[in-house]
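> Structure: work_6.cif, mmCIF, C-alpha atoms.
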data_entry
#
loop_
_atom_site.label_atom_id
_atom_site.label_comp_id
_atom_site.auth_asym_id
_atom_site.auth_seq_id
_atom_site.Cartn_x
_atom_site.Cartn_y
_atom_site.Cartn_z
CA MET A 1 9.09 9.79 22.85
CA GLN A 2 10.13 6.91 25.12
CA ARG A 3 13.26 5.27 23.74
CA GLU A 4 13.70 1.54 24.10
CA LYS A 5 17.07 0.45 25.47
CA ARG A 6 19.03 -1.63 22.99
CA ALA A 7 21.81 -4.00 23.94
CA ILE A 8 25.22 -3.26 22.35
CA PRO A 9 27.81 -5.72 23.69
CA ASP A 10 31.32 -4.28 24.02
CA ASP A 11 33.14 -7.33 22.64
CA LEU A 12 31.64 -7.10 19.16
CA PHE A 13 32.14 -5.02 16.02
CA TYR A 14 29.29 -3.46 14.05
CA ASP A 15 28.45 -2.21 10.57
CA ARG A 16 26.00 0.31 9.17
CA ASN A 17 23.56 -2.39 8.07
CA ASP A 18 23.02 -3.29 11.74
CA PHE A 19 25.09 -6.44 11.72
CA TRP A 20 27.22 -7.47 14.66
CA ILE A 21 30.46 -9.35 14.04
CA LYS A 22 32.32 -11.41 16.62
CA VAL A 23 35.88 -11.74 15.44
CA ALA A 24 38.07 -14.70 16.37
CA GLU A 25 39.71 -17.17 14.01
CA GLU A 26 36.36 -17.21 12.28
CA ALA A 27 33.76 -14.46 12.41
CA VAL A 28 30.23 -15.01 13.68
CA ILE A 29 27.64 -12.53 12.44
CA GLY A 30 24.06 -11.63 13.22
CA LEU A 31 21.63 -8.72 13.37
CA THR A 32 21.91 -6.27 16.24
CA ASP A 33 19.18 -5.73 18.79
CA TYR A 34 18.53 -2.32 17.26
CA GLY A 35 18.49 -3.81 13.75
CA GLN A 36 16.00 -6.55 14.56
CA GLY A 37 13.83 -3.98 16.38
CA ASN A 38 13.68 -1.79 13.28
CA ILE A 39 12.75 -4.74 11.09
CA GLY A 40 9.99 -5.90 13.44
CA ASP A 41 8.66 -9.45 13.82
CA ILE A 42 10.70 -11.53 11.41
CA LEU A 43 8.46 -13.97 9.55
CA TYR A 44 10.84 -15.47 7.03
CA LEU A 45 14.57 -15.82 6.66
CA GLU A 46 16.40 -17.13 3.64
CA LEU A 47 20.09 -17.79 4.27
CA VAL A 48 22.73 -18.85 1.75
CA PRO A 49 24.26 -22.29 2.31
CA ALA A 50 27.65 -23.08 3.84
CA GLY A 51 30.36 -22.95 1.20
CA THR A 52 29.03 -19.75 -0.37
CA VAL A 53 31.65 -17.07 -0.95
CA VAL A 54 30.36 -13.59 -0.13
CA ARG A 55 31.81 -10.14 -0.61
CA ARG A 56 31.45 -7.26 1.81
CA GLY A 57 28.29 -5.26 1.09
CA GLU A 58 26.82 -7.88 -1.22
CA ARG A 59 23.64 -9.87 -0.71
CA CYS A 60 23.95 -12.92 1.53
CA GLY A 61 20.32 -13.67 2.25
CA SER A 62 16.83 -12.28 2.44
CA ILE A 63 14.53 -11.36 5.28
CA GLU A 64 10.81 -10.62 5.59
CA SER A 65 8.86 -8.99 8.39
CA GLY A 66 5.31 -7.63 8.35
CA LYS A 67 5.03 -7.16 4.58
CA TRP A 68 8.53 -5.78 4.10
CA VAL A 69 11.32 -7.71 2.45
CA GLY A 70 14.96 -6.78 2.32
CA SER A 71 18.38 -8.19 1.67
CA LEU A 72 21.00 -9.20 4.18
CA LEU A 73 24.29 -7.59 3.13
CA ALA A 74 27.51 -9.29 4.18
CA PRO A 75 29.49 -7.18 6.71
CA VAL A 76 32.78 -8.81 5.69
CA SER A 77 34.05 -10.81 2.72
CA GLY A 78 34.74 -14.49 3.09
CA MET A 79 33.36 -17.99 2.89
CA ILE A 80 30.30 -19.05 4.86
CA VAL A 81 31.34 -22.03 6.95
CA GLU A 82 28.06 -22.50 8.79
CA THR A 83 24.52 -21.23 8.36
CA ASN A 84 22.20 -21.14 11.36
CA ARG A 85 19.48 -23.47 10.10
CA ASP A 86 17.66 -23.26 13.45
CA ALA A 87 17.17 -19.52 12.99
CA GLU A 88 16.07 -20.10 9.42
CA ALA A 89 13.45 -22.58 10.64
CA ASP A 90 12.34 -20.29 13.45
CA PRO A 91 13.16 -16.68 12.44
CA HIS A 92 11.64 -15.35 15.66
CA MET A 93 14.92 -16.45 17.30
CA VAL A 94 16.56 -13.41 15.69
CA ASN A 95 14.05 -11.13 17.43
CA ALA A 96 14.19 -12.96 20.74
CA ASP A 97 17.93 -13.56 21.06
CA PRO A 98 19.82 -11.61 18.37
CA PHE A 99 23.28 -12.01 19.96
CA GLY A 100 22.77 -15.64 20.96
CA ARG A 101 20.62 -18.30 19.32
CA GLY A 102 19.64 -15.86 16.60
CA TRP A 103 23.10 -15.65 15.03
CA LEU A 104 23.08 -16.02 11.23
CA TYR A 105 26.45 -17.15 9.86
CA ARG A 106 29.94 -18.27 10.75
CA ILE A 107 32.31 -16.82 8.14
CA GLU A 108 35.95 -17.40 7.38
CA PRO A 109 37.08 -13.82 6.63
CA ALA A 110 38.95 -13.34 3.38
CA ASP A 111 40.53 -10.02 4.29
CA ARG A 112 41.28 -9.17 7.92
CA ASN A 113 41.81 -5.53 6.95
CA GLU A 114 38.03 -5.22 6.53
CA ILE A 115 37.66 -5.57 10.31
CA GLY A 116 39.21 -2.11 10.59
CA LEU A 117 36.30 -0.71 8.60
CA LEU A 118 33.79 -1.81 11.24
CA MET A 119 32.60 0.20 14.26
CA ASP A 120 33.29 -0.65 17.88
CA SER A 121 30.40 -0.57 20.37
CA GLY A 122 30.91 3.11 21.25
CA ALA A 123 30.88 4.23 17.63
CA TYR A 124 27.84 2.09 16.89
CA GLN A 125 26.00 3.50 19.92
CA ALA A 126 26.69 7.07 18.73
CA TRP A 127 25.66 6.25 15.16
CA MET A 128 22.46 4.54 16.36
CA GLU A 129 21.50 7.54 18.51
CA GLU A 130 22.13 9.89 15.61
CA ARG A 131 19.73 7.88 13.46
CA ILE A 132 17.08 7.75 16.20
CA CYS A 133 17.24 11.55 16.59
CA LEU A 134 16.97 12.05 12.85
CA GLU A 135 13.96 9.76 12.65
CA GLU A 136 12.21 11.50 15.54
CA LYS A 137 12.75 14.82 13.81
CA ASN A 138 11.49 13.55 10.45
CA SER A 139 8.48 11.75 11.89
CA GLN A 140 6.81 14.94 13.13
CA GLY A 141 3.63 15.75 11.24
CA TRP A 142 3.21 12.34 9.60
CA ILE A 143 -0.42 11.78 10.42
CA ASP A 144 -3.05 13.75 8.50
CA MET B 1 9.31 14.15 -6.87
CA ASP B 2 8.14 12.63 -10.16
CA LEU B 3 4.52 11.53 -10.58
CA TYR B 4 3.59 8.87 -13.13
CA ASP B 5 -0.21 8.88 -13.32
CA LEU B 6 -0.37 6.12 -15.90
CA GLY B 7 -3.97 4.92 -15.75
CA PRO B 8 -4.37 1.59 -17.61
CA VAL B 9 -1.13 -0.34 -18.22
CA GLY B 10 -0.28 -3.89 -19.25
CA TRP B 11 -0.29 -6.43 -16.41
CA VAL B 12 3.51 -6.83 -16.39
CA GLU B 13 4.06 -3.07 -16.51
CA SER B 14 1.77 -2.65 -13.52
CA GLN B 15 4.65 -4.22 -11.53
CA SER B 16 7.76 -3.76 -13.65
CA ILE B 17 7.77 0.05 -13.83
CA TYR B 18 8.19 0.56 -10.10
CA HIS B 19 10.86 -2.15 -9.98
CA ALA B 20 12.65 -0.34 -12.83
CA LEU B 21 12.45 3.03 -11.09
CA ALA B 22 13.98 1.47 -7.97
CA LEU B 23 16.73 -0.30 -9.87
CA LEU B 24 17.59 2.97 -11.63
CA GLY B 25 17.75 4.70 -8.23
CA ARG B 26 15.02 7.15 -9.25
CA GLU B 27 12.33 8.30 -6.83
CA GLY B 28 8.73 8.61 -7.90
CA LEU B 29 5.07 7.91 -7.30
CA ILE B 30 3.17 5.70 -9.76
CA LEU B 31 -0.61 5.44 -10.02
CA CYS B 32 -1.99 2.81 -12.38
CA TYR B 33 -4.16 -0.25 -12.86
CA PRO B 34 -3.65 -3.38 -14.98
CA THR B 35 -5.82 -3.83 -18.05
CA THR B 36 -5.96 -7.62 -17.61
CA PRO B 37 -5.94 -9.89 -14.55
CA TYR B 38 -2.98 -11.79 -13.15
CA ILE B 39 -1.70 -13.49 -10.01
CA CYS B 40 1.12 -11.76 -8.16
CA LEU B 41 3.30 -13.67 -5.68
CA GLY B 42 5.28 -12.08 -2.88
CA LEU B 43 9.05 -12.49 -2.99
CA HIS B 44 9.08 -15.38 -0.52
CA ASP B 45 5.91 -17.19 -1.64
CA ASP B 46 6.25 -20.75 -2.87
CA LEU B 47 4.34 -21.08 -6.13
CA ASP B 48 3.46 -24.76 -5.80
CA TYR B 49 2.33 -24.32 -2.20
CA GLU B 50 0.17 -21.30 -2.97
CA ILE B 51 -1.27 -21.62 -6.46
CA ASP B 52 -3.42 -24.07 -8.43
CA ARG B 53 -1.31 -23.83 -11.57
CA GLN B 54 -3.67 -25.94 -13.63
CA TYR B 55 -6.60 -23.62 -12.89
CA CYS B 56 -4.52 -20.57 -13.81
CA ARG B 57 -3.34 -22.24 -17.02
CA GLU B 58 -6.86 -23.20 -18.05
CA ARG B 59 -8.17 -19.72 -17.32
CA GLY B 60 -5.22 -18.00 -18.96
CA ILE B 61 -4.29 -16.17 -15.77
CA PRO B 62 -0.58 -15.27 -15.93
CA LEU B 63 1.77 -15.24 -12.96
CA LEU B 64 4.38 -12.76 -11.72
CA ARG B 65 6.62 -12.70 -8.66
CA ARG B 66 7.31 -9.21 -7.28
CA GLU B 67 10.29 -8.22 -5.13
CA THR B 68 8.19 -6.84 -2.32
CA GLY B 69 6.66 -8.52 0.71
CA GLY B 70 3.22 -9.82 1.53
CA GLY B 71 1.42 -12.79 0.06
CA VAL B 72 -0.25 -13.95 -3.12
CA VAL B 73 -2.82 -11.57 -4.61
CA TYR B 74 -5.20 -11.68 -7.55
CA LEU B 75 -5.05 -8.34 -9.34
CA ASP B 76 -7.22 -6.87 -12.07
CA ASN B 77 -8.59 -3.61 -13.41
CA ARG B 78 -10.88 -3.13 -10.44
CA GLN B 79 -7.93 -2.23 -8.23
CA LEU B 80 -6.07 1.07 -8.26
CA PHE B 81 -2.36 0.72 -7.49
CA PHE B 82 -0.25 3.35 -5.75
CA GLN B 83 3.48 2.63 -5.80
CA LEU B 84 6.04 4.84 -4.13
CA VAL B 85 9.77 4.48 -4.71
CA LEU B 86 12.21 6.29 -2.42
CA ARG B 87 15.96 6.02 -2.06
CA GLN B 88 16.87 4.21 1.14
CA ASP B 89 18.88 7.19 2.32
CA ASN B 90 15.93 9.58 1.91
CA PRO B 91 15.24 10.98 5.40
CA LEU B 92 11.52 10.51 4.74
CA VAL B 93 12.02 6.73 4.93
CA PRO B 94 11.38 5.59 8.50
CA LEU B 95 13.99 3.22 9.93
CA ARG B 96 11.33 1.22 11.68
CA ARG B 97 9.60 -0.72 8.93
CA HIS B 98 6.11 -0.65 10.44
CA ARG B 99 6.24 3.14 10.55
CA PHE B 100 6.55 3.05 6.79
CA TYR B 101 2.90 2.04 6.53
CA GLU B 102 1.82 4.33 9.32
CA LYS B 103 3.17 7.14 7.20
CA PHE B 104 2.54 6.25 3.58
CA LEU B 105 -0.96 4.80 4.03
CA GLN B 106 -2.21 8.22 5.14
CA PRO B 107 -3.12 9.32 1.58
CA ALA B 108 -5.19 6.17 0.98
CA LEU B 109 -6.84 6.53 4.40
CA SER B 110 -7.79 10.09 3.48
CA VAL B 111 -9.34 8.89 0.21
CA TYR B 112 -11.50 6.33 2.02
CA ARG B 113 -12.56 8.88 4.63
CA ASP B 114 -13.43 11.45 1.95
CA LEU B 115 -15.74 8.82 0.47
CA GLY B 116 -17.46 8.53 3.83
CA MET B 117 -15.89 5.24 4.94
CA ALA B 118 -14.63 4.79 8.51
CA ALA B 119 -11.18 3.60 7.44
CA GLU B 120 -8.31 2.96 9.82
CA LEU B 121 -4.86 1.41 9.76
CA LYS B 122 -4.77 -2.24 10.83
CA PRO B 123 -1.07 -2.66 11.65
CA PRO B 124 1.23 -3.35 10.15
CA ALA B 125 -0.04 -2.90 6.62
CA ASP B 126 -3.80 -3.19 6.06
CA ILE B 127 -6.47 -0.55 5.80
CA ALA B 128 -9.70 -1.73 7.36
CA ALA B 129 -13.15 -0.23 7.01
CA ASP B 130 -15.86 -1.43 9.38
CA GLY B 131 -13.34 -4.06 10.56
CA ARG B 132 -12.90 -5.49 7.05
CA LYS B 133 -9.75 -5.29 4.92
CA SER B 134 -10.09 -2.76 2.14
CA SER B 135 -6.54 -2.33 0.91
CA GLY B 136 -3.53 -4.64 0.61
CA ASN B 137 0.01 -3.33 0.93
CA GLY B 138 3.62 -4.45 0.83
CA SER B 139 7.13 -3.06 0.61
CA GLY B 140 10.65 -4.13 -0.09
CA ASP B 141 14.19 -2.96 -0.66
CA ILE B 142 14.96 -3.05 -4.39
CA GLY B 143 18.46 -1.98 -5.33
CA ARG B 144 19.32 1.09 -3.27
CA CYS B 145 15.67 2.11 -3.06
CA VAL B 146 12.67 1.00 -1.09
CA ALA B 147 9.39 0.43 -2.90
CA TYR B 148 6.10 0.70 -1.12
CA VAL B 149 3.09 -0.65 -3.05
CA GLY B 150 -0.59 -0.66 -2.20
CA ASN B 151 -3.99 -0.77 -3.77
CA ILE B 152 -7.53 0.45 -3.35
CA LEU B 153 -10.13 -2.24 -4.00
CA LEU B 154 -12.88 -0.85 -6.19
CA ASP B 155 -14.23 -4.38 -6.44
CA PHE B 156 -12.74 -7.83 -6.00
CA ASP B 157 -13.17 -11.15 -7.78
CA PHE B 158 -13.55 -13.42 -4.74
CA VAL B 159 -14.47 -16.44 -6.88
CA THR B 160 -11.33 -16.36 -9.01
CA MET B 161 -9.12 -15.65 -6.00
CA SER B 162 -10.52 -18.60 -4.06
CA ARG B 163 -10.20 -20.89 -7.09
CA ALA B 164 -6.67 -19.81 -8.00
CA LEU B 165 -5.31 -20.51 -4.52
CA LYS B 166 -4.31 -24.09 -3.83
CA ALA B 167 -6.77 -25.79 -1.48
CA PRO B 168 -6.53 -29.28 0.02
CA ASP B 169 -10.17 -29.93 -0.89
CA GLU B 170 -13.35 -28.19 -1.98
CA THR B 171 -14.60 -27.75 1.58
CA TYR B 172 -11.52 -25.68 2.38
CA ARG B 173 -12.03 -23.68 -0.79
CA ARG B 174 -15.67 -22.90 0.02
CA HIS B 175 -14.77 -21.78 3.54
CA LEU B 176 -11.97 -19.69 2.08
CA TYR B 177 -14.44 -17.95 -0.23
CA ARG B 178 -16.92 -17.39 2.59
CA ILE B 179 -14.30 -16.02 4.97
CA MET B 180 -12.74 -13.74 2.35
CA ARG B 181 -16.18 -12.41 1.44
CA ALA B 182 -16.95 -11.72 5.10
CA ASN B 183 -13.61 -10.05 5.92
CA LEU B 184 -12.81 -7.98 2.86
CA ILE B 185 -14.70 -4.91 1.75
CA THR B 186 -14.58 -2.97 -1.50
CA LEU B 187 -15.76 0.42 -2.63
CA THR B 188 -18.56 -1.32 -4.57
CA ASP B 189 -19.80 -2.79 -1.27
CA CYS B 190 -19.90 0.64 0.35
CA LEU B 191 -20.81 3.20 -2.25
CA ALA B 192 -24.14 3.72 -3.98
CA TYR B 193 -22.29 4.98 -7.05
CA PRO B 194 -19.20 3.81 -8.96
CA ALA B 195 -15.94 5.33 -7.73
CA GLU B 196 -14.24 7.24 -10.52
CA TYR B 197 -10.54 6.73 -11.19
CA SER B 198 -9.93 10.47 -11.38
CA ARG B 199 -11.56 11.15 -8.02
CA LEU B 200 -9.42 8.47 -6.34
CA THR B 201 -6.17 9.60 -7.96
CA THR B 202 -6.87 13.25 -7.17
CA GLY B 203 -7.26 12.30 -3.52
CA LEU B 204 -4.13 10.16 -3.50
CA ILE B 205 -2.03 12.83 -5.22
CA ALA B 206 -3.20 15.47 -2.72
CA GLY B 207 -2.34 13.15 0.18
CA PHE B 208 1.10 12.26 -1.14
CA GLN B 209 1.84 15.92 -1.88
CA ARG B 210 1.27 16.70 1.78
CA GLN B 211 4.02 14.22 2.64
CA LEU B 212 6.39 14.47 -0.28
CA GLY B 213 6.04 18.06 -1.48
CA ASP B 214 5.31 18.99 -5.08
CA LEU B 215 4.77 16.15 -7.53
CA THR B 216 5.83 16.71 -11.13
CA PRO B 217 3.77 14.81 -13.74
CA ARG B 218 5.96 12.74 -16.05
CA GLU B 219 5.71 10.03 -18.68
CA PRO B 220 8.02 7.00 -18.52
CA ASP B 221 11.10 7.79 -20.64
CA ALA B 222 13.02 5.38 -22.85
CA GLU B 223 15.46 4.37 -20.10
CA LEU B 224 12.63 3.56 -17.71
CA ARG B 225 10.64 1.65 -20.33
CA GLU B 226 13.65 -0.42 -21.42
CA THR B 227 14.58 -1.25 -17.82
CA ALA B 228 10.94 -2.15 -17.10
CA ARG B 229 10.86 -4.44 -20.13
CA ARG B 230 13.93 -6.33 -18.93
CA VAL B 231 12.70 -6.49 -15.33
CA GLY B 232 9.30 -7.70 -16.53
CA GLU B 233 10.90 -10.60 -18.37
CA ARG B 234 12.71 -11.61 -15.19
CA LEU B 235 9.68 -11.27 -12.88
CA THR B 236 7.64 -13.58 -15.13
CA SER B 237 10.35 -16.10 -16.05
CA GLY B 238 9.82 -19.75 -15.13
CA GLU B 239 13.05 -19.91 -13.14
CA TRP B 240 12.11 -16.86 -11.04
CA LEU B 241 8.53 -18.04 -10.45
CA ASP B 242 9.75 -21.47 -9.34
CA LEU B 243 12.09 -20.15 -6.65
CA PRO B 244 11.42 -22.02 -3.42
CA GLY B 245 9.69 -20.12 -0.63
CA ARG B 246 7.90 -20.53 2.67
CA ARG B 247 5.89 -23.74 3.08
CA PRO B 248 4.18 -23.84 6.47
CA ALA B 249 3.06 -27.23 7.78
CA GLY B 250 -0.50 -27.79 6.59
CA ARG B 251 -2.32 -25.38 4.32
CA LYS B 252 -2.37 -21.84 5.64
CA VAL B 253 -3.89 -18.88 3.82
CA LYS B 254 -3.63 -15.36 5.18
CA ILE B 255 -6.84 -13.47 4.50
CA ALA B 256 -6.10 -10.20 6.28
CA GLU B 257 -3.75 -8.97 9.01
CA GLY B 258 -3.99 -11.48 11.85
CA LEU B 259 -6.56 -13.67 10.07
CA TYR B 260 -5.62 -17.12 8.77
CA LEU B 261 -7.44 -20.22 7.56
CA LEU B 262 -5.50 -23.34 8.51
CA ALA B 263 -6.00 -26.96 7.43
CA GLN B 264 -4.39 -29.55 9.65
CA GLU B 265 -4.42 -33.32 9.41
CA SER B 266 -4.79 -35.27 12.63
CA VAL B 267 -4.26 -39.02 12.77
CA GLY B 268 -7.57 -40.89 12.76
CA ARG B 269 -9.60 -37.70 12.83
CA GLY B 270 -9.24 -36.47 9.29
CA ARG B 271 -8.76 -32.87 8.34
CA LYS B 272 -9.67 -29.99 10.59
CA LEU B 273 -10.03 -26.40 9.44
CA THR B 274 -9.39 -23.57 11.86
CA LEU B 275 -9.98 -19.86 11.41
CA VAL B 276 -7.45 -18.01 13.55
CA ARG B 277 -7.94 -14.32 14.33
CA ASP B 278 -5.20 -12.46 16.20
CA GLY B 279 -3.82 -15.73 17.56
CA VAL B 280 -7.16 -17.07 18.79
CA ALA B 281 -9.08 -19.94 17.16
CA GLU B 282 -12.34 -18.25 16.25
CA GLU B 283 -13.98 -21.09 14.35
CA VAL B 284 -13.15 -24.79 13.99
CA MET B 285 -14.65 -26.69 11.09
CA ALA B 286 -14.56 -30.34 10.08
CA GLY B 287 -12.71 -30.88 6.83
CA ASP B 288 -15.55 -33.04 5.48
CA ASP B 289 -18.21 -30.55 6.47
CA GLU B 290 -21.05 -30.67 3.94
CA MET B 291 -21.44 -26.96 3.49
CA GLU B 292 -24.60 -25.78 1.92
CA LEU B 293 -22.86 -22.71 0.62
CA ALA B 294 -21.96 -23.39 -2.98
CA LEU B 295 -19.08 -21.50 -4.47
CA PRO B 296 -20.60 -19.52 -7.30
CA PHE B 297 -19.31 -20.15 -10.78
CA ARG B 298 -18.63 -17.38 -13.20
CA ALA B 299 -20.65 -17.55 -16.39
#
Would you mind writing the file out in structure tokens?

Amino acid sequence: MQREKRAIPDDLFYDRNDFWIKVAEEAVIGLTDYGQGNIGDILYLELVPAGTVVRRGERCGSIESGKWVGSLLAPVSGMIVETNRDAEADPHMVNADPFGRGWLYRIEPADRNEIGLLMDSGAYQAWMEERICLEEKNSQGWID
Amino acid sequence: MDLYDLGPVGWVESQSIYHALALLGREGLILCYPTTPYICLGLHDDLDYEIDRQYCRERGIPLLRRETGGGVVYLDNRQLFFQLVLRQDNPLVPLRRHRFYEKFLQPALSVYRDLGMAAELKPPADIAADGRKSSGNGSGDIGRCVAYVGNILLDFDFVTMSRALKAPDETYRRHLYRIMRANLITLTDCLAYPAEYSRLTTGLIAGFQRQLGDLTPREPDAELRETARRVGERLTSGEWLDLPGRRPAGRKVKIAEGLYLLAQESVGRGRKLTLVRDGVAEEVMAGDDEMELALPFRA
């Protein structure tokens, strides 16, 4: 099987729900290239408004691709200080430019210790490859 | 894996039981059909954009919003539902969402083929026979599980579906009926004999067993029934139904994968209707077109 190359910038952190997190005074978060690729063409995005307080691992929005819907789960706890309304209006931005115009939220982190729970790019790369291998193994013999 | 071959169930239960299984973190396959008709919205549908509420009220057609994807559907006892709930960490669940359908539509495809129909997957989530949609499908993450739901159309009430959907005018509605009729196909259209529930479920169970291993027949227990009752109340509550959702500019109805009927207003030119197939305008119609085709009324 031909594997697509997925961008994993070195200056970001990652979680197991395929979010990237850029940490500065505030954190900017979005879906990774690999994450958006797994979801497929994103048709609808529902983001929570600025001012919402979210906790790590809890729902902070909803996403729909070709007949699948799922929740966005916050990678860190904190208060949403800005929601990317442009991406909400044109969800394809998340597919086309996941690390740029397709960002989702700016968050003021509530607990900096949570950053230590995230993966760096090397760990995320290894984890992603492990999942790809597992899926390739499990997908054998699907078609009747 | 547990198998709930439930046959006829109440209209709310035809959705609430799989939600309850997922919320309880229990895996299982459900086969059932609703005893009475209803309208089912997708999680992100906007009720006021999609549905003629007055028509539904007058006809006594109840509404429910499910937590899975896809659009508005009219459901009744001429559709057999298959609903699969798996934990998200089950290695059988593909990471790539479109592969979910590629995998779990195989049993339904086998059923159609066993009946002599040339059925194939129309990605991401339709089954098409002779180029016409014959099965609607959707999925969604519910709790820590993923639910995949689909149906086999034994027959379909095109009249009620086209009347229950909101239309900017009657011309749009008549085109909608015509286009749905031309692009959807049911077992009644194809078979010279009525398809029996047991034959369809036997085929589905055999297909799912090939993918999931042994299926153990079960009845819903008290915990599942109580959770389903509570979930059913939520899925049909006014507050839940009125949640805002997608509202494209102009009226846009998806008829099948890649097939949409659009109504657009243009200044000084009135309303224009466009049938778009796979991104290409296949047919353009004037909004005030005096169609000879009358939408049939039910007695």
> Please tabulate, as a Markdown table, the residues of chain A that come within 6 Å of chain B, each with its closest pair of atoms and the distance in Å to one decimal, counting all atoms listed in the file and ordering rows by chain, then residue number upward.

| residue | atom | partner | partner_atom | distance |
| --- | --- | --- | --- | --- |
| A:Asn38 | CA | B:Arg96 | CA | 4.1 |
| A:Ile39 | CA | B:Arg97 | CA | 5.5 |
| A:Lys67 | CA | B:Gly69 | CA | 4.4 |
| A:Trp68 | CA | B:Ser139 | CA | 4.6 |
| A:Val69 | CA | B:Gly140 | CA | 4.4 |
| A:Gly70 | CA | B:Asp141 | CA | 4.9 |
| A:Trp142 | CA | B:Lys103 | CA | 5.7 |
> To one decimal place, how far is CA of Asn151 (chain B) from CA of Glu283 (chain B) in Å?
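The value is 29.0 Å.
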> How far is it from CA of Cys40 (chain B) to CA of Cys190 (chain B), in Å with one decimal?
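These atoms are spaced 25.8 Å apart.
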> How many Å lie between CA of Pro98 (chain A) and CA of Leu31 (chain A), rounded to one decimal?
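Computed distance, CA of Pro98 (chain A) to CA of Leu31 (chain A), equals 6.1 Å.
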> Can you list what the PyMOL selection byres ((chain A and resi 58) around 12) grabs from this structure, as an NGL selection string?
(:A and (17 or 53-57 or 59-62 or 71-78)) or (:B and (143-144))
> As a ChimeraX atom specification, please: the residues near region 106-113 of chain A (cut-off 10 Å, only C-alpha atoms, same-chain neighbours under 4 positions excluded).
/A:21-30,50-56,74,76-84,117-118
> Write the residues of the preceding selection, restricted to C-alpha atoms, as a PDB file, in the coordinates of the input.

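Once everything was written out, this is selection15.pdb:
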ATOM      1  CA  ILE A  21      30.460  -9.350  14.040  1.00  0.00           C
ATOM      2  CA  LYS A  22      32.320 -11.410  16.620  1.00  0.00           C
ATOM      3  CA  VAL A  23      35.880 -11.740  15.440  1.00  0.00           C
ATOM      4  CA  ALA A  24      38.070 -14.700  16.370  1.00  0.00           C
ATOM      5  CA  GLU A  25      39.710 -17.170  14.010  1.00  0.00           C
ATOM      6  CA  GLU A  26      36.360 -17.210  12.280  1.00  0.00           C
ATOM      7  CA  ALA A  27      33.760 -14.460  12.410  1.00  0.00           C
ATOM      8  CA  VAL A  28      30.230 -15.010  13.680  1.00  0.00           C
ATOM      9  CA  ILE A  29      27.640 -12.530  12.440  1.00  0.00           C
ATOM     10  CA  GLY A  30      24.060 -11.630  13.220  1.00  0.00           C
ATOM     11  CA  ALA A  50      27.650 -23.080   3.840  1.00  0.00           C
ATOM     12  CA  GLY A  51      30.360 -22.950   1.200  1.00  0.00           C
ATOM     13  CA  THR A  52      29.030 -19.750  -0.370  1.00  0.00           C
ATOM     14  CA  VAL A  53      31.650 -17.070  -0.950  1.00  0.00           C
ATOM     15  CA  VAL A  54      30.360 -13.590  -0.130  1.00  0.00           C
ATOM     16  CA  ARG A  55      31.810 -10.140  -0.610  1.00  0.00           C
ATOM     17  CA  ARG A  56      31.450  -7.260   1.810  1.00  0.00           C
ATOM     18  CA  ALA A  74      27.510  -9.290   4.180  1.00  0.00           C
ATOM     19  CA  VAL A  76      32.780  -8.810   5.690  1.00  0.00           C
ATOM     20  CA  SER A  77      34.050 -10.810   2.720  1.00  0.00           C
ATOM     21  CA  GLY A  78      34.740 -14.490   3.090  1.00  0.00           C
ATOM     22  CA  MET A  79      33.360 -17.990   2.890  1.00  0.00           C
ATOM     23  CA  ILE A  80      30.300 -19.050   4.860  1.00  0.00           C
ATOM     24  CA  VAL A  81      31.340 -22.030   6.950  1.00  0.00           C
ATOM     25  CA  GLU A  82      28.060 -22.500   8.790  1.00  0.00           C
ATOM     26  CA  THR A  83      24.520 -21.230   8.360  1.00  0.00           C
ATOM     27  CA  ASN A  84      22.200 -21.140  11.360  1.00  0.00           C
ATOM     28  CA  LEU A 117      36.300  -0.710   8.600  1.00  0.00           C
ATOM     29  CA  LEU A 118      33.790  -1.810  11.240  1.00  0.00           C
TER      30      LEU A 118
END
> Once the PyMOL selection byres ((chain A and resi 125) around 12) has been applied to the shown file, what residues remain in the selection, as a CSV table (one decimal) with C-alpha atoms, in the frame of the given file?

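Done, and the output landed in result01.csv:
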chain,number,residue,atom,x,y,z
A,5,LYS,CA,17.1,0.4,25.5
A,6,ARG,CA,19.0,-1.6,23.0
A,7,ALA,CA,21.8,-4.0,23.9
A,8,ILE,CA,25.2,-3.3,22.4
A,9,PRO,CA,27.8,-5.7,23.7
A,10,ASP,CA,31.3,-4.3,24.0
A,13,PHE,CA,32.1,-5.0,16.0
A,14,TYR,CA,29.3,-3.5,14.0
A,15,ASP,CA,28.4,-2.2,10.6
A,16,ARG,CA,26.0,0.3,9.2
A,18,ASP,CA,23.0,-3.3,11.7
A,32,THR,CA,21.9,-6.3,16.2
A,33,ASP,CA,19.2,-5.7,18.8
A,34,TYR,CA,18.5,-2.3,17.3
A,119,MET,CA,32.6,0.2,14.3
A,120,ASP,CA,33.3,-0.6,17.9
A,121,SER,CA,30.4,-0.6,20.4
A,122,GLY,CA,30.9,3.1,21.2
A,123,ALA,CA,30.9,4.2,17.6
A,124,TYR,CA,27.8,2.1,16.9
A,126,ALA,CA,26.7,7.1,18.7
A,127,TRP,CA,25.7,6.2,15.2
A,128,MET,CA,22.5,4.5,16.4
A,129,GLU,CA,21.5,7.5,18.5
A,130,GLU,CA,22.1,9.9,15.6
A,131,ARG,CA,19.7,7.9,13.5
A,132,ILE,CA,17.1,7.8,16.2
> Here's the selection I'm unsure about, the PyMOL selection byres ((chain B and resi 255) around 12); applied to the file above, which residues does it give, as a ChimeraX atom specification?
/B:70-73,126,132-136,158,161-162,165,175-185,252-254,256-262,275-278
